[in-house]
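Below: the structure, in structure tokens.
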Amino acid sequence: MGEWIDFAVLKAAVRMEMLLEGYGVRLRRRVGMHLRGRCPLPQHGSRESSESFIVNTSKNVWICHSQSCVAARRGAPGGNVLDLVALMENCSVVEAARRLRSRFRVRSPGPPGEEGTGFKKKEGASPRGVVCPAQESNPPLGFVLGPLDHRHPYLRQRGIDGQTAECFQAGFYGGVGLMHERVVMAIHNPRGQLVAYVGRAIDGREPRYKFPLGFQKSLELFNLHRALRSKSPQVIVVEGFFDCMRVHQADFPSVVALMGASLSRAQQQLLLEHFEQVVLMLDGDETGRRASRRIAAQLGRQMTLRVVEVPEGQQPDQLPAMEVRRLVEGTSRW
Ligand SMILES: [Zn+2]
């Protein structure tokens, strides 16, 4: 009975705030137990800016007061977490339950009558569903952000052309939510499933890079699924998203980013699994140099590795394509 899903447990275990956060939605106003903001439903109807969407955090339910909203049109203007997922992701309530269960790792106690479930409910007993944020994989995202401006001036200023931006599903997002007015980039797992967006602030806002709640970047290598398509035994490893896009643009499709200056155990495993040779191309600063030595020690015994010396004070995303090529194809020995 692998398909048993306890709706009551799910509805109690998954909080509306967590769910909305996962969609990148932040409701602006809080009054007592109520949160209010613009409706996040994709088929909300007219793009009016009124704050028609209200969440009751104590009852863990939502309602949209707009007559033109899909919620009103289907006859019920609100609902619980399952109804919201069904509308956000255009799926059935049962499918919504399945997705929620895997996304939030909610464990159901099993069907009635199974050993040890003891379905008698005690007065005031807490729901038995357990939400564990720690995961061994990042579950696929159930939606796509859009529209994105692939030709935003910020991207151009960082030397990313429209074609590269489109390929990386990178662009300025003007919509509501967590990624509001950030340049976002799509992050995929090795199988090519979209698992998150990262949002780069372009107006000095903190944090500079924003990830959705629960996303574990140490489990992924940015751009790995595309690098794998090139079937190259060699991969270039860089620190950041923009380094990765610029190196890709310089005609090296087999490039991945650590999304930081350290190599996690999971990332190390992915490199060992898929490649024979690594070209390490971290930033030309103290952090990058130190990280290079550490990672070289981590990987050097297990695969062929070469360290590219990026000029002092520079990062791969600041180098002209010709310079990237010269450094990568340089004369250094394996
Ligand atoms: Zn609505």
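Numbering starts fresh at 1 for the residues of each chain in the structure tokens, the chains themselves are lettered A, B, ... in the order given, and ligands are numbered from 1 as they appear.
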
Give one line per residue of chain A that approaches ligand 1 to at most 10 Å, naming the two atoms of the closest pair and their distance in Å to one decimal, counting only C-alpha atoms and all ligand atoms; sort by chain then ascending residue number and deliver it as a Markdown table.
```
| residue | atom | partner | partner_atom_place_in_ligand_line | distance |
| --- | --- | --- | --- | --- |
| A:Arg38 | CA | ligand 1 | 1 (Zn) | 7.7 |
| A:Cys39 | CA | ligand 1 | 1 (Zn) | 4.5 |
| A:Pro40 | CA | ligand 1 | 1 (Zn) | 6.8 |
| A:Leu41 | CA | ligand 1 | 1 (Zn) | 5.7 |
| A:Pro42 | CA | ligand 1 | 1 (Zn) | 8.3 |
| A:Gln43 | CA | ligand 1 | 1 (Zn) | 7.5 |
| A:His44 | CA | ligand 1 | 1 (Zn) | 4.3 |
| A:Gly45 | CA | ligand 1 | 1 (Zn) | 7.3 |
| A:Ser46 | CA | ligand 1 | 1 (Zn) | 9.2 |
| A:Arg47 | CA | ligand 1 | 1 (Zn) | 9.5 |
| A:Glu48 | CA | ligand 1 | 1 (Zn) | 9.7 |
| A:Ser50 | CA | ligand 1 | 1 (Zn) | 9.8 |
| A:Glu51 | CA | ligand 1 | 1 (Zn) | 9.1 |
| A:Ser52 | CA | ligand 1 | 1 (Zn) | 6.6 |
| A:Phe53 | CA | ligand 1 | 1 (Zn) | 6.2 |
| A:Ile54 | CA | ligand 1 | 1 (Zn) | 9.5 |
| A:Ile63 | CA | ligand 1 | 1 (Zn) | 7.9 |
| A:Cys64 | CA | ligand 1 | 1 (Zn) | 4.6 |
| A:His65 | CA | ligand 1 | 1 (Zn) | 6.8 |
| A:Ser66 | CA | ligand 1 | 1 (Zn) | 5.7 |
| A:Gln67 | CA | ligand 1 | 1 (Zn) | 8.1 |
| A:Ser68 | CA | ligand 1 | 1 (Zn) | 7.4 |
| A:Cys69 | CA | ligand 1 | 1 (Zn) | 4.2 |
| A:Val70 | CA | ligand 1 | 1 (Zn) | 6.4 |
| A:Ala71 | CA | ligand 1 | 1 (Zn) | 6.1 |
| A:Ala72 | CA | ligand 1 | 1 (Zn) | 7.7 |
| A:Arg73 | CA | ligand 1 | 1 (Zn) | 9.8 |
| A:Pro77 | CA | ligand 1 | 1 (Zn) | 8.0 |
| A:Gly78 | CA | ligand 1 | 1 (Zn) | 8.8 |
```

Point to revise | Filtered DSSP result for region 90-283 of chain A, state helix (DSSP H, G or I), as a PyMOL selection string | key: chain A and resi 93-103+153-157+162-167+217-219+224-229+241-249+265-274

Give one line per residue of region 201-314 of chain A that approaches region 8-32 of chain A to at most 10 Å, naming the two atoms of the closest pair and their distance in Å to one decimal, counting only C-alpha atoms; sort by chain then ascending residue number and deliver it as JSON lines.
```
{"residue": "A:Phe211", "atom": "CA", "partner": "A:Gly24", "partner_atom": "CA", "distance": 9.3}
{"residue": "A:Pro212", "atom": "CA", "partner": "A:Gly22", "partner_atom": "CA", "distance": 6.1}
{"residue": "A:Leu213", "atom": "CA", "partner": "A:Gly22", "partner_atom": "CA", "distance": 6.3}
{"residue": "A:Gly214", "atom": "CA", "partner": "A:Gly22", "partner_atom": "CA", "distance": 8.1}
{"residue": "A:Phe215", "atom": "CA", "partner": "A:Gly22", "partner_atom": "CA", "distance": 9.1}
```

Keeping only C-alpha atoms, write the selected residues as a JSON list (two decimals), in the first residue's frame.
```
[["chain", "number", "residue", "atom", "x", "y", "z"],
["A", 211, "PHE", "CA", 17.51, 30.52, -2.56],
["A", 212, "PRO", "CA", 14.11, 29.07, -1.68],
["A", 213, "LEU", "CA", 13.58, 27.68, 1.79],
["A", 214, "GLY", "CA", 14.66, 24.06, 2.10],
["A", 215, "PHE", "CA", 16.75, 24.01, -1.07]]
```

**Study point:** DSSP-assigned strand (DSSP E) among region 193-253 of chain A, expressed as number ranges by chain
**Key:** A: 194-201, 209-210, 234-238

**Study point:** Proximity to Leu271 (chain A) - best of A:Asp251, A:Pro190, A:Ala297, A:Arg290, only C-alpha atoms
**Key:** A:Pro190

Exercise for review: Excluding Ala165 (chain A) and residues on its chain fewer than 6 positions from it, collect all residues at most 9 Å away from it, counting only C-alpha atoms, and give them as a list of chain:residue names.
Suggested key: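 Near Ala165 (chain A), the qualifying residues are A:Asp149, A:His150, A:Arg151, A:Leu155, A:Gly171, A:Met185, A:Met245.
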
Practice item. Select, from A:Arg156, A:Arg229, A:Arg301, A:Arg289, the residue with the minimum atom-to-atom distance to Phe172 (chain A), counting only C-alpha atoms. Key: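 Nearest candidate to Phe172 (chain A) out of A:Arg156, A:Arg229, A:Arg301, A:Arg289: A:Arg156.
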
Check your understanding: What lies within 12 Å of Met322 (chain A) using only C-alpha atoms, ignoring chain neighbours under 4 positions off, as an NGL selection string?
Key -> :A and (246-247 or 249-252 or 316 or 318 or 326-330)

Would you mind exporting the chosen residues as a tab-separated table (two decimals), in the first residue's frame, restricted to N, CA and C atoms?
```tsv
chain	number	residue	atom	x	y	z
A	246	ARG	N	29.51	32.43	-18.28
A	246	ARG	CA	30.53	33.04	-19.15
A	246	ARG	C	31.46	31.98	-19.75
A	247	VAL	N	31.82	30.98	-18.97
A	247	VAL	CA	32.69	29.92	-19.50
A	247	VAL	C	31.93	29.12	-20.56
A	249	GLN	N	29.61	30.29	-22.42
A	249	GLN	CA	29.52	31.20	-23.56
A	249	GLN	C	30.83	31.24	-24.35
A	250	ALA	N	31.95	30.96	-23.66
A	250	ALA	CA	33.26	30.94	-24.33
A	250	ALA	C	33.48	29.60	-25.04
A	251	ASP	N	32.39	28.84	-25.20
A	251	ASP	CA	32.43	27.60	-25.96
A	251	ASP	C	32.95	26.40	-25.21
A	252	PHE	N	32.73	26.41	-23.89
A	252	PHE	CA	33.04	25.23	-23.09
A	252	PHE	C	31.75	24.74	-22.43
A	316	PRO	N	36.45	34.23	-13.19
A	316	PRO	CA	36.22	33.79	-14.58
A	316	PRO	C	35.16	34.62	-15.30
A	318	GLN	N	34.80	37.67	-15.33
A	318	GLN	CA	35.30	38.98	-15.74
A	318	GLN	C	36.29	38.86	-16.89
A	326	ARG	N	42.36	30.65	-23.49
A	326	ARG	CA	43.82	30.55	-23.33
A	326	ARG	C	44.13	29.83	-22.01
A	327	LEU	N	43.41	30.20	-20.95
A	327	LEU	CA	43.69	29.60	-19.64
A	327	LEU	C	43.33	28.12	-19.60
A	328	VAL	N	42.14	27.80	-20.16
A	328	VAL	CA	41.68	26.41	-20.08
A	328	VAL	C	42.53	25.51	-20.97
A	329	GLU	N	42.84	26.01	-22.15
A	329	GLU	CA	43.61	25.18	-23.09
A	329	GLU	C	45.10	25.36	-22.89
A	330	GLY	N	45.47	26.10	-21.86
A	330	GLY	CA	46.88	26.41	-21.59
A	330	GLY	C	47.77	25.17	-21.56
```

Review point. What's the 8 Å shell around Pro233 (chain A), counting only C-alpha atoms, without same-chain residues fewer than 3 positions away, as a list in words?
Key: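 In the requested format, the answer is His274, Phe275, Glu276 and Gln277 of chain A.
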
Would you mind exporting N, CA, C and O atoms of the selected residues as a PDB file, in the first residue's frame?
```pdb
ATOM      1  N   HIS A 274      30.723  11.132 -13.010  1.00  0.00           N
ATOM      2  CA  HIS A 274      30.435  11.518 -14.386  1.00  0.00           C
ATOM      3  C   HIS A 274      31.647  11.936 -15.217  1.00  0.00           C
ATOM      4  O   HIS A 274      31.532  12.079 -16.428  1.00  0.00           O
ATOM      5  N   PHE A 275      32.784  12.209 -14.580  1.00  0.00           N
ATOM      6  CA  PHE A 275      33.917  12.742 -15.348  1.00  0.00           C
ATOM      7  C   PHE A 275      35.226  12.037 -14.986  1.00  0.00           C
ATOM      8  O   PHE A 275      35.347  11.440 -13.920  1.00  0.00           O
ATOM      9  N   GLU A 276      36.190  12.190 -15.918  1.00  0.00           N
ATOM     10  CA  GLU A 276      37.521  11.629 -15.653  1.00  0.00           C
ATOM     11  C   GLU A 276      38.517  12.718 -15.294  1.00  0.00           C
ATOM     12  O   GLU A 276      39.491  12.482 -14.588  1.00  0.00           O
ATOM     13  N   GLN A 277      38.273  13.914 -15.857  1.00  0.00           N
ATOM     14  CA  GLN A 277      39.222  15.006 -15.641  1.00  0.00           C
ATOM     15  C   GLN A 277      38.487  16.265 -15.173  1.00  0.00           C
ATOM     16  O   GLN A 277      37.437  16.596 -15.704  1.00  0.00           O
TER      17      GLN A 277
END
```
